[in-house]
file start-v7.txt (compact mmCIF, C-alpha atoms)
# COMPACT_ATOMS: atom_id res chain seq x y z
CA MET A 235 13.42 12.98 31.01
CA ALA A 236 10.96 13.24 33.87
CA LEU A 237 9.17 16.20 32.28
CA ALA A 238 8.52 14.35 29.02
CA ASP A 239 7.16 11.35 30.95
CA TRP A 240 4.69 13.62 32.72
CA ALA A 241 3.60 15.72 29.75
CA ILE A 242 1.08 13.31 28.21
CA PRO A 243 -0.52 12.08 31.47
CA LEU A 244 -0.89 15.67 32.70
CA VAL A 245 -2.43 16.89 29.46
CA LEU A 246 -4.80 13.92 29.37
CA VAL A 247 -6.06 14.65 32.88
CA LEU A 248 -5.91 18.44 33.08
CA VAL A 249 -7.66 19.21 29.79
CA PRO A 250 -10.77 17.09 30.54
CA LEU A 251 -10.78 18.49 34.09
CA TYR A 252 -10.67 22.06 32.78
CA ALA A 253 -13.40 21.23 30.27
CA MET A 254 -15.55 19.67 33.02
CA LEU A 255 -15.23 22.84 35.12
CA HIS A 256 -16.49 24.78 32.09
CA ARG A 257 -19.57 22.56 31.90
CA VAL A 258 -18.53 20.63 28.81
CA GLU A 259 -20.03 17.16 28.36
CA VAL A 260 -16.52 15.76 28.45
CA TYR A 261 -17.22 12.18 27.45
CA SER A 262 -19.48 12.84 24.48
CA VAL A 263 -17.29 15.66 23.18
CA PHE A 264 -14.25 13.41 23.46
CA CYS A 265 -16.03 10.68 21.52
CA ARG A 266 -17.16 13.11 18.84
CA GLY A 267 -13.58 14.29 18.39
CA ALA A 268 -12.37 10.69 18.25
CA ALA A 269 -14.87 9.99 15.49
CA GLU A 270 -13.37 12.90 13.60
CA GLY A 271 -9.98 11.25 14.02
CA LEU A 272 -11.36 8.20 12.27
CA GLN A 273 -12.46 10.38 9.36
CA VAL A 274 -9.02 11.99 9.10
CA LEU A 275 -7.54 8.53 8.85
CA LEU A 276 -9.93 7.53 6.08
CA GLN A 277 -8.96 10.73 4.26
CA ILE A 278 -5.25 9.97 4.35
CA LEU A 279 -5.46 6.23 3.63
CA PRO A 280 -5.85 6.47 -0.18
CA GLY A 281 -2.84 8.77 -0.50
CA LEU A 282 -0.88 6.57 1.89
CA LEU A 283 -1.69 3.53 -0.20
CA GLY A 284 -0.87 5.18 -3.52
CA MET A 285 2.47 6.40 -2.30
CA LEU A 286 3.51 3.31 -0.33
CA MET A 287 2.86 1.02 -3.29
CA ALA A 288 5.02 3.22 -5.52
CA VAL A 289 7.73 3.45 -2.86
CA GLU A 290 7.76 -0.30 -2.25
CA ALA A 291 7.91 -0.93 -5.99
CA LEU A 292 10.92 1.39 -6.21
CA ARG A 293 12.57 -0.36 -3.29
CA CYS A 294 11.90 -3.97 -4.34
CA SER A 295 12.93 -3.38 -7.96
CA GLY A 296 16.27 -1.96 -6.84
CA ALA A 297 15.57 1.49 -8.31
CA MET A 298 16.05 3.14 -4.92
CA ASP A 299 19.53 1.64 -4.59
CA MET A 300 20.44 2.82 -8.09
CA LEU A 301 19.20 6.36 -7.36
CA ALA A 302 21.11 6.42 -4.09
CA ALA A 303 24.23 5.17 -5.90
CA TRP A 304 23.96 7.92 -8.52
CA LEU A 305 23.04 10.80 -6.26
CA GLY A 306 24.98 9.56 -3.26
CA PRO A 307 28.34 11.17 -4.14
CA LEU A 308 26.60 14.46 -4.93
CA LEU A 309 24.83 14.72 -1.60
CA GLU A 310 27.61 13.00 0.31
CA ASP A 311 29.68 16.16 0.22
CA LEU A 312 26.92 17.79 2.25
CA GLY A 313 26.49 14.67 4.38
CA ILE A 314 22.80 14.32 3.41
CA PRO A 315 21.64 10.70 2.90
CA ALA A 316 20.27 10.25 -0.65
CA GLU A 317 17.24 8.32 0.65
CA VAL A 318 15.54 11.48 1.95
CA LEU A 319 15.82 13.36 -1.37
CA PRO A 320 12.48 12.05 -2.77
CA LEU A 321 10.81 13.07 0.50
CA ALA A 322 12.02 16.66 0.08
CA LEU A 323 10.63 16.65 -3.47
CA ILE A 324 7.21 15.25 -2.50
CA ARG A 325 6.68 17.15 0.76
CA SER A 326 5.46 20.41 -0.78
CA PHE A 327 2.98 18.72 -3.12
CA SER A 328 1.30 15.87 -1.27
CA GLY A 329 0.88 15.57 2.48
CA SER A 330 -0.32 11.98 2.52
CA GLY A 331 2.23 11.00 -0.13
CA ALA A 332 5.06 12.42 1.96
CA LEU A 333 3.64 10.70 5.04
CA GLY A 334 3.63 7.42 3.11
CA TYR A 335 7.24 7.96 2.06
CA THR A 336 8.27 8.84 5.62
CA ALA A 337 6.50 5.70 6.85
CA GLY A 338 8.43 3.70 4.26
CA LEU A 339 11.79 5.10 5.41
CA ILE A 340 10.96 4.56 9.08
CA GLY A 341 9.88 1.00 8.29
CA GLU A 342 13.06 0.28 6.37
CA PHE A 343 15.67 1.93 8.59
CA GLY A 344 13.90 1.95 11.97
CA ALA A 345 12.28 4.76 13.94
CA ASP A 346 15.42 5.51 15.95
CA SER A 347 17.85 5.39 13.02
CA PHE A 348 19.40 8.60 11.70
CA ILE A 349 17.42 8.41 8.45
CA GLY A 350 14.19 7.50 10.28
CA ARG A 351 14.60 10.51 12.55
CA LEU A 352 15.60 12.87 9.74
CA ALA A 353 12.54 11.83 7.72
CA ALA A 354 10.25 12.36 10.72
CA VAL A 355 11.69 15.82 11.41
CA MET A 356 11.39 16.79 7.72
CA GLN A 357 7.83 15.52 7.66
CA GLY A 358 6.98 17.43 10.84
CA SER A 359 8.64 20.72 10.04
CA THR A 360 6.49 21.96 7.14
CA ASP A 361 2.99 21.58 5.79
CA THR A 362 1.93 20.79 2.22
CA THR A 363 2.58 24.21 0.67
CA PHE A 364 0.64 23.74 -2.58
CA TYR A 365 -2.38 22.29 -0.81
CA VAL A 366 -2.54 25.20 1.64
CA LEU A 367 -2.10 27.66 -1.23
CA ALA A 368 -4.92 26.10 -3.25
CA VAL A 369 -7.34 25.88 -0.30
CA TYR A 370 -6.66 29.28 1.27
CA PHE A 371 -6.44 31.42 -1.85
CA GLY A 372 -9.11 29.39 -3.63
CA SER A 373 -11.58 30.00 -0.79
CA VAL A 374 -11.64 33.78 -1.44
CA GLY A 375 -11.16 33.71 -5.20
CA VAL A 376 -7.62 35.08 -5.24
CA VAL A 377 -5.95 34.07 -8.52
CA ARG A 378 -2.81 36.23 -8.47
CA TYR A 379 -0.52 34.67 -5.87
CA ARG A 380 2.31 37.23 -6.27
CA HIS A 381 5.42 35.90 -4.53
CA ALA A 382 3.52 33.48 -2.25
CA VAL A 383 4.74 30.35 -4.08
CA ALA A 384 8.38 31.48 -4.09
CA ALA A 385 8.30 32.44 -0.39
CA GLY A 386 6.51 29.20 0.53
CA LEU A 387 8.96 26.97 -1.33
CA LEU A 388 12.01 28.82 0.01
CA ALA A 389 10.56 28.39 3.49
CA ASP A 390 10.22 24.64 2.84
CA LEU A 391 13.81 24.42 1.63
CA ALA A 392 15.04 26.30 4.69
CA ALA A 393 13.00 24.01 6.96
CA PHE A 394 14.56 20.91 5.34
CA LEU A 395 18.08 22.26 5.76
CA CYS A 396 17.31 23.14 9.38
CA ALA A 397 15.85 19.65 9.88
CA PHE A 398 19.03 18.06 8.53
CA TRP A 399 21.34 20.28 10.51
CA LEU A 400 19.40 19.77 13.76
CA THR A 401 19.19 16.00 13.30
CA VAL A 402 22.96 15.85 12.80
CA LEU A 403 23.48 18.09 15.81
CA VAL A 404 21.32 16.00 18.17
CA TRP A 405 21.67 12.41 16.89
CA GLY A 406 24.44 12.53 14.26
CA MET B 100 3.01 17.94 -10.21
CA ILE B 101 2.27 15.07 -7.83
CA ASN B 102 0.74 13.25 -10.82
CA ILE B 103 4.03 13.37 -12.69
CA ILE B 104 6.09 12.38 -9.66
CA TRP B 105 3.85 9.39 -8.88
CA LEU B 106 3.83 8.16 -12.46
CA LEU B 107 7.58 8.64 -12.69
CA MET B 108 8.07 6.54 -9.55
CA LEU B 109 6.05 3.68 -11.03
CA VAL B 110 7.78 3.88 -14.43
CA CYS B 111 11.25 4.00 -12.83
CA ALA B 112 10.39 1.02 -10.62
CA MET B 113 9.24 -0.98 -13.62
CA ALA B 114 12.33 -0.01 -15.64
CA ALA B 115 14.59 -1.02 -12.76
CA ALA B 116 12.80 -4.35 -12.38
CA ILE B 117 13.23 -5.03 -16.10
CA ARG B 118 16.91 -4.16 -15.82
CA GLN B 119 17.27 -6.63 -12.96
CA GLY B 120 15.66 -9.20 -15.25
CA ASP B 121 12.72 -9.96 -12.95
CA ILE B 122 9.44 -8.09 -13.50
CA GLY B 123 8.03 -9.99 -10.51
CA LEU B 124 10.01 -7.64 -8.23
CA PHE B 125 7.74 -4.79 -9.34
CA THR B 126 4.57 -6.77 -8.65
CA ASP B 127 5.84 -7.87 -5.23
CA GLY B 128 6.63 -4.29 -4.33
CA VAL B 129 3.28 -2.84 -5.37
CA LEU B 130 1.27 -5.50 -3.54
CA ARG B 131 3.43 -5.32 -0.42
CA GLY B 132 3.14 -1.52 -0.36
CA ALA B 133 -0.64 -1.68 -0.60
CA SER B 134 -1.00 -4.02 2.35
CA GLN B 135 1.60 -2.03 4.32
CA ALA B 136 -0.53 1.09 3.90
CA VAL B 137 -3.56 -0.60 5.44
CA GLU B 138 -1.54 -2.14 8.30
CA LEU B 139 -0.02 1.25 8.98
CA ALA B 140 -3.39 2.97 9.00
CA PHE B 141 -4.71 0.42 11.48
CA SER B 142 -1.75 0.87 13.78
CA LEU B 143 -2.30 4.65 13.71
CA VAL B 144 -6.01 4.71 14.25
CA GLY B 145 -6.09 4.39 18.06
CA VAL B 146 -3.56 7.12 18.85
CA MET B 147 -5.05 9.40 16.24
CA MET B 148 -8.57 9.10 17.66
CA LEU B 149 -7.29 9.64 21.18
CA TRP B 150 -5.64 12.96 20.27
CA MET B 151 -8.52 14.17 18.17
CA GLY B 152 -10.85 13.45 21.08
CA LEU B 153 -8.65 15.43 23.45
CA LEU B 154 -8.38 18.31 21.02
CA ALA B 155 -12.17 18.48 20.71
CA LEU B 156 -12.20 19.03 24.49
CA LEU B 157 -9.60 21.80 24.14
CA GLU B 158 -11.79 23.55 21.63
CA GLN B 159 -15.13 23.09 23.39
CA SER B 160 -13.83 24.14 26.81
CA GLY B 161 -12.67 27.50 25.46
CA LEU B 162 -9.04 26.77 26.34
CA LEU B 163 -8.08 27.22 22.70
CA ARG B 164 -9.76 30.65 22.67
CA ARG B 165 -7.83 31.70 25.78
CA LEU B 166 -4.55 30.63 24.24
CA ALA B 167 -5.44 32.65 21.15
CA GLY B 168 -6.03 35.70 23.37
CA LEU B 169 -2.52 35.36 24.79
CA LEU B 170 -0.96 35.15 21.33
CA SER B 171 -2.83 37.86 19.45
CA PRO B 172 -0.64 40.83 20.58
CA LEU B 173 2.42 38.95 19.30
CA LEU B 174 0.77 38.02 16.02
CA GLY B 175 -0.40 41.60 15.52
CA ARG B 176 3.21 42.58 14.84
CA LEU B 177 3.28 40.27 11.83
CA PHE B 178 0.17 41.97 10.43
CA PRO B 179 0.89 45.71 10.57
CA GLU B 180 -2.06 46.43 8.23
CA LEU B 181 -4.57 45.08 10.76
CA PRO B 182 -5.87 47.13 13.71
CA PRO B 183 -5.39 45.33 17.08
CA GLY B 184 -8.43 43.32 18.13
CA SER B 185 -9.86 43.20 14.61
CA PRO B 186 -11.93 40.09 13.75
CA ALA B 187 -9.32 39.09 11.16
CA LEU B 188 -6.58 39.10 13.79
CA GLN B 189 -8.72 37.06 16.18
CA CYS B 190 -9.31 34.38 13.56
CA ILE B 191 -5.61 34.38 12.71
CA ALA B 192 -4.72 33.82 16.38
CA LEU B 193 -7.21 30.93 16.63
CA ASN B 194 -5.80 29.45 13.43
CA PHE B 195 -2.23 29.73 14.72
CA CYS B 196 -3.13 28.18 18.08
CA ALA B 197 -4.95 25.28 16.47
CA ASN B 198 -1.90 24.64 14.29
CA LEU B 199 0.35 24.91 17.35
CA LEU B 200 -1.63 22.11 19.00
CA GLY B 201 -1.55 19.92 15.91
CA LEU B 202 -5.26 20.52 15.41
CA GLY B 203 -5.20 20.68 11.61
CA ASN B 204 -8.93 20.09 11.21
CA ALA B 205 -9.82 23.01 13.46
CA ALA B 206 -7.08 25.22 12.05
CA THR B 207 -8.44 25.18 8.52
CA PRO B 208 -11.92 26.60 9.28
CA PHE B 209 -10.35 29.40 11.40
CA GLY B 210 -7.80 30.07 8.67
CA LEU B 211 -10.45 30.27 5.96
CA LYS B 212 -12.53 32.62 8.11
CA ALA B 213 -9.45 34.81 8.55
CA MET B 214 -8.92 34.77 4.77
CA GLY B 215 -12.52 35.97 4.31
CA GLU B 216 -11.92 38.85 6.77
CA LEU B 217 -8.67 39.78 4.98
CA GLN B 218 -10.46 39.74 1.64
CA LYS B 219 -12.88 42.42 2.95
CA LEU B 220 -9.86 44.70 3.48
CA ASN B 221 -8.21 43.76 0.18
CA PRO B 222 -8.32 46.58 -2.42
CA ARG B 223 -7.70 44.12 -5.30
CA PRO B 224 -9.89 41.03 -4.73
CA ASP B 225 -8.17 38.87 -7.38
CA THR B 226 -4.69 39.49 -5.98
CA ALA B 227 -3.18 38.19 -2.73
CA SER B 228 -2.65 40.99 -0.19
CA ASN B 229 0.45 41.23 1.99
CA SER B 230 -1.48 40.01 5.05
CA MET B 231 -2.84 37.05 3.08
CA ILE B 232 0.66 35.94 2.13
CA THR B 233 1.81 36.28 5.74
CA LEU B 234 -1.12 34.13 6.90
CA LEU B 235 -0.32 31.60 4.20
CA LEU B 236 3.31 31.39 5.33
CA LEU B 237 2.22 30.88 8.95
CA ASN B 238 0.15 27.92 7.77
CA THR B 239 2.59 26.29 5.36
CA SER B 240 5.44 26.37 7.88
CA ALA B 241 3.22 24.49 10.35
CA VAL B 242 4.81 25.27 13.70
CA THR B 243 3.27 22.61 15.91
CA LEU B 244 3.99 21.41 19.43
CA LEU B 245 2.00 18.20 18.91
CA PRO B 246 2.74 16.60 15.53
CA THR B 247 0.33 13.80 16.37
CA THR B 248 0.59 11.81 13.14
CA ILE B 249 4.38 11.58 13.24
CA ILE B 250 4.42 10.70 16.92
CA ALA B 251 1.85 7.96 16.21
CA LEU B 252 3.90 6.75 13.25
CA ARG B 253 7.10 6.56 15.29
CA SER B 254 5.41 4.84 18.20
CA ALA B 255 3.88 2.27 15.83
CA ALA B 256 7.40 1.62 14.48
CA GLY B 257 8.70 0.94 17.99
CA ALA B 258 10.60 4.17 18.75
CA ALA B 259 12.06 4.27 22.27
CA ASP B 260 10.71 7.79 22.79
CA PRO B 261 8.30 8.64 19.93
CA ALA B 262 8.10 12.34 20.84
CA ASP B 263 11.84 13.03 21.13
CA ILE B 264 11.91 14.59 17.63
CA VAL B 265 9.41 17.33 18.57
CA PRO B 266 11.92 20.05 19.60
CA CYS B 267 13.77 19.59 16.31
CA CYS B 268 10.49 19.79 14.35
CA VAL B 269 9.55 23.02 16.12
CA LEU B 270 12.95 24.63 15.52
CA ALA B 271 13.07 23.54 11.87
CA SER B 272 9.52 24.89 11.34
CA LEU B 273 10.50 28.19 12.92
CA GLY B 274 13.59 28.35 10.70
CA GLY B 275 11.44 27.79 7.61
CA MET B 276 8.85 30.32 8.76
CA LEU B 277 11.53 32.93 9.43
CA VAL B 278 13.04 32.52 5.95
CA GLY B 279 9.57 32.69 4.35
CA LEU B 280 8.69 35.85 6.27
CA ILE B 281 12.04 37.47 5.45
CA VAL B 282 11.58 36.73 1.73
CA HIS B 283 8.05 38.17 1.98
CA ALA B 284 9.26 41.28 3.81
CA VAL B 285 12.05 41.92 1.30
CA ILE B 286 9.85 41.46 -1.80
CA ARG B 287 6.92 43.53 -0.52
CA ARG B 288 9.21 46.52 -0.03
CA CYS B 289 10.61 46.32 -3.56

call {"tool": "encode", "arguments": {"input": "start-v7.txt", "output": "structure tokens"}}
result
Amino acid sequence: MALADWAIPLVLVLVPLYAMLHRVEVYSVFCRGAAEGLQVLLQILPGLLGMLMAVEALRCSGAMDMLAAWLGPLLEDLGIPAEVLPLALIRSFSGSGALGYTAGLIGEFGADSFIGRLAAVMQGSTDTTFYVLAVYFGSVGVVRYRHAVAAGLLADLAAFLCAFWLTVLVWG
Amino acid sequence: MINIIWLLMLVCAMAAAIRQGDIGLFTDGVLRGASQAVELAFSLVGVMMLWMGLLALLEQSGLLRRLAGLLSPLLGRLFPELPPGSPALQCIALNFCANLLGLGNAATPFGLKAMGELQKLNPRPDTASNSMITLLLLNTSAVTLLPTTIIALRSAAGAADPADIVPCCVLASLGGMLVGLIVHAVIRRC
């Protein structure tokens, strides 16, 4: 894909160029943003660590294989690999936890495997619903959420099913 | 909820290790996971900083604001309670654009500002208004053209084309968002 090859180089040159024309101190602003990236990483590391150690413990102890063996036949009818089930359960509650789990699956099966891709698409197709709820409604003191939780979780479920269906369609 | 899930994972792992007759498997797993997390974080840090640096330029140069201007007529349709060009709608457009570009850190301040504007129009301050729920759904479905963390993760794991999952992510997000908005639209009319 020629277009995909050009996308990142073009963005990396055109955005600073545009910024320069608008009298932005491109280098120092870039560095300030990069420093922010470092902070984001420090924010997600504890969650990543907590989740990866639990995931690895599940994997090494053989619990993951047992779970897959039990749930496998149930999900097999739908064609969904049992390994991604925990990811679907975690995704709405903990962003860094889900990222850790996705990283675990990608590490185990490979980035270009079906499961690795499915996990990445699931991870990338929704945000952490309960976190967003707590931050957004909490910030203005709203305590009655009405149907926000139901709509948010149904949206997550729909996104996961879409993710599965699309992954099968493109790489299945 | 995450507390219970995490604890359950650890307890299940320990139970499985006991069943296998080797508690050392549990210890190995926990320690390996911990060092994997740090290795992973280190392999992500460069790409992450690069994108965050670029996104700071997008914001400072006003490009983000221009993109928001293009999107606000479209977004106005999702918020029928808001007059066009209202400050709430402007913040919502900035929030949506920042999300679209994978700029989570910039999206949140815009989103919270939009929430504040919506609260001014809310007749019942302790209850979520229709517009608030719509804004929430736009944020939880996370339609993003640049899922930087996942691209970094895949490239660190040696993917042939780390970004080839992006179109699927966008479509799946849109699918989720559509279902969320339909549920919202149906319930608010009841």

call {"tool": "residues_around", "arguments": {"input": "start-v7.txt", "residues": "stretch 255-259 of chain B", "least_positions_apart": "2", "cutoff": "6 Å", "atoms": "all atoms listed in the file", "output": "list of chain:residue names"}}
result
A:Ala345, A:Asp346, B:Leu252, B:Arg253, B:Pro261

call {"tool": "residues_around", "arguments": {"input": "start-v7.txt", "residues": "stretch 275-286 of chain B", "least_positions_apart": "2", "cutoff": "12 Å", "atoms": "only C-alpha atoms", "output": "number ranges by chain"}}
result
A: 356, 358-361, 363, 380-397; B: 177-179, 228-243, 268-273, 288-289

call {"tool": "atom_distance", "arguments": {"input": "start-v7.txt", "atom1": "atom CA of B:Ile122", "atom2": "atom CA of B:Leu107"}}
result
16.9 Å

call {"tool": "residues_around", "arguments": {"input": "start-v7.txt", "residues": "B:Gln218", "least_positions_apart": "4", "cutoff": "12 Å", "atoms": "only C-alpha atoms", "output": "JSON, numbers by chain"}}
result
{"A": [370, 371, 372, 373, 374, 375, 376], "B": [187, 211, 212, 213, 214, 222, 223, 224, 225, 226, 227, 228, 229, 230, 231, 232]}

call {"tool": "residues_near_point", "arguments": {"input": "start-v7.txt", "point": "(6.4, -1.4, -4.5)", "cutoff": "12 Å", "atoms": "all atoms listed in the file", "output": "MDAnalysis selection string"}}
result
(chainID A and resid 283:298 334:335 338) or (chainID B and resid 105 108:113 115:116 122:136)

call {"tool": "write_last_selection", "arguments": {"input": "start-v7.txt", "atoms": "C-alpha atoms", "output": "JSON list (two decimals), keeping the file's coordinate frame"}}
result
[["chain", "number", "residue", "atom", "x", "y", "z"],
["A", 283, "LEU", "CA", -1.69, 3.53, -0.20],
["A", 284, "GLY", "CA", -0.87, 5.18, -3.52],
["A", 285, "MET", "CA", 2.47, 6.40, -2.30],
["A", 286, "LEU", "CA", 3.51, 3.31, -0.33],
["A", 287, "MET", "CA", 2.86, 1.02, -3.29],
["A", 288, "ALA", "CA", 5.02, 3.22, -5.52],
["A", 289, "VAL", "CA", 7.73, 3.45, -2.86],
["A", 290, "GLU", "CA", 7.76, -0.30, -2.25],
["A", 291, "ALA", "CA", 7.91, -0.93, -5.99],
["A", 292, "LEU", "CA", 10.92, 1.39, -6.21],
["A", 293, "ARG", "CA", 12.57, -0.36, -3.29],
["A", 294, "CYS", "CA", 11.90, -3.97, -4.34],
["A", 295, "SER", "CA", 12.93, -3.38, -7.96],
["A", 296, "GLY", "CA", 16.27, -1.96, -6.84],
["A", 297, "ALA", "CA", 15.57, 1.49, -8.31],
["A", 298, "MET", "CA", 16.05, 3.14, -4.92],
["A", 334, "GLY", "CA", 3.63, 7.42, 3.11],
["A", 335, "TYR", "CA", 7.24, 7.96, 2.06],
["A", 338, "GLY", "CA", 8.43, 3.70, 4.26],
["B", 105, "TRP", "CA", 3.85, 9.39, -8.88],
["B", 108, "MET", "CA", 8.07, 6.54, -9.55],
["B", 109, "LEU", "CA", 6.05, 3.68, -11.03],
["B", 110, "VAL", "CA", 7.78, 3.88, -14.43],
["B", 111, "CYS", "CA", 11.25, 4.00, -12.83],
["B", 112, "ALA", "CA", 10.39, 1.02, -10.62],
["B", 113, "MET", "CA", 9.24, -0.98, -13.62],
["B", 115, "ALA", "CA", 14.59, -1.02, -12.76],
["B", 116, "ALA", "CA", 12.80, -4.35, -12.38],
["B", 122, "ILE", "CA", 9.44, -8.09, -13.50],
["B", 123, "GLY", "CA", 8.03, -9.99, -10.51],
["B", 124, "LEU", "CA", 10.01, -7.64, -8.23],
["B", 125, "PHE", "CA", 7.74, -4.79, -9.34],
["B", 126, "THR", "CA", 4.57, -6.77, -8.65],
["B", 127, "ASP", "CA", 5.84, -7.87, -5.23],
["B", 128, "GLY", "CA", 6.63, -4.29, -4.33],
["B", 129, "VAL", "CA", 3.28, -2.84, -5.37],
["B", 130, "LEU", "CA", 1.27, -5.50, -3.54],
["B", 131, "ARG", "CA", 3.43, -5.32, -0.42],
["B", 132, "GLY", "CA", 3.14, -1.52, -0.36],
["B", 133, "ALA", "CA", -0.64, -1.68, -0.60],
["B", 134, "SER", "CA", -1.00, -4.02, 2.35],
["B", 135, "GLN", "CA", 1.60, -2.03, 4.32],
["B", 136, "ALA", "CA", -0.53, 1.09, 3.90]]

call {"tool": "residues_around", "arguments": {"input": "start-v7.txt", "residues": "A:Val274", "least_positions_apart": "4", "cutoff": "9 Å", "atoms": "all atoms listed in the file", "output": "list in words"}}
result
Ala269, Glu270, Ile278 and Leu279 of chain A; Met147 and Asn204 of chain B

call {"tool": "atom_distance", "arguments": {"input": "start-v7.txt", "atom1": "atom CA of A:Tyr252", "atom2": "atom CA of B:Leu244"}}
result
19.8 Å

call {"tool": "atom_distance", "arguments": {"input": "start-v7.txt", "atom1": "atom CA of B:Ala262", "atom2": "atom CA of A:Ala322"}}
result
21.6 Å

call {"tool": "closest_residue", "arguments": {"input": "start-v7.txt", "among": "B:Ser142, B:Ser160, B:Asn102, B:Asn194", "to": "chain A", "atoms": "all atoms listed in the file"}}
result
B:Ser160

call {"tool": "closest_residue", "arguments": {"input": "start-v7.txt", "among": "A:Phe398, A:Phe348, A:Tyr379, A:Tyr261", "to": "chain B", "atoms": "all atoms listed in the file"}}
result
A:Tyr379

call {"tool": "residues_around", "arguments": {"input": "start-v7.txt", "residues": "A:Val258", "least_positions_apart": "3", "cutoff": "8 Å", "atoms": "only C-alpha atoms", "output": "PDB file with C-alpha atoms, in the coordinates of the input"}}
result
ATOM      1  CA  ALA A 253     -13.400  21.230  30.270  1.00  0.00           C
ATOM      2  CA  MET A 254     -15.550  19.670  33.020  1.00  0.00           C
ATOM      3  CA  LEU A 255     -15.230  22.840  35.120  1.00  0.00           C
ATOM      4  CA  VAL A 263     -17.290  15.660  23.180  1.00  0.00           C
TER       5      VAL A 263
ATOM      6  CA  LEU B 156     -12.200  19.030  24.490  1.00  0.00           C
ATOM      7  CA  GLN B 159     -15.130  23.090  23.390  1.00  0.00           C
ATOM      8  CA  SER B 160     -13.830  24.140  26.810  1.00  0.00           C
TER       9      SER B 160
END
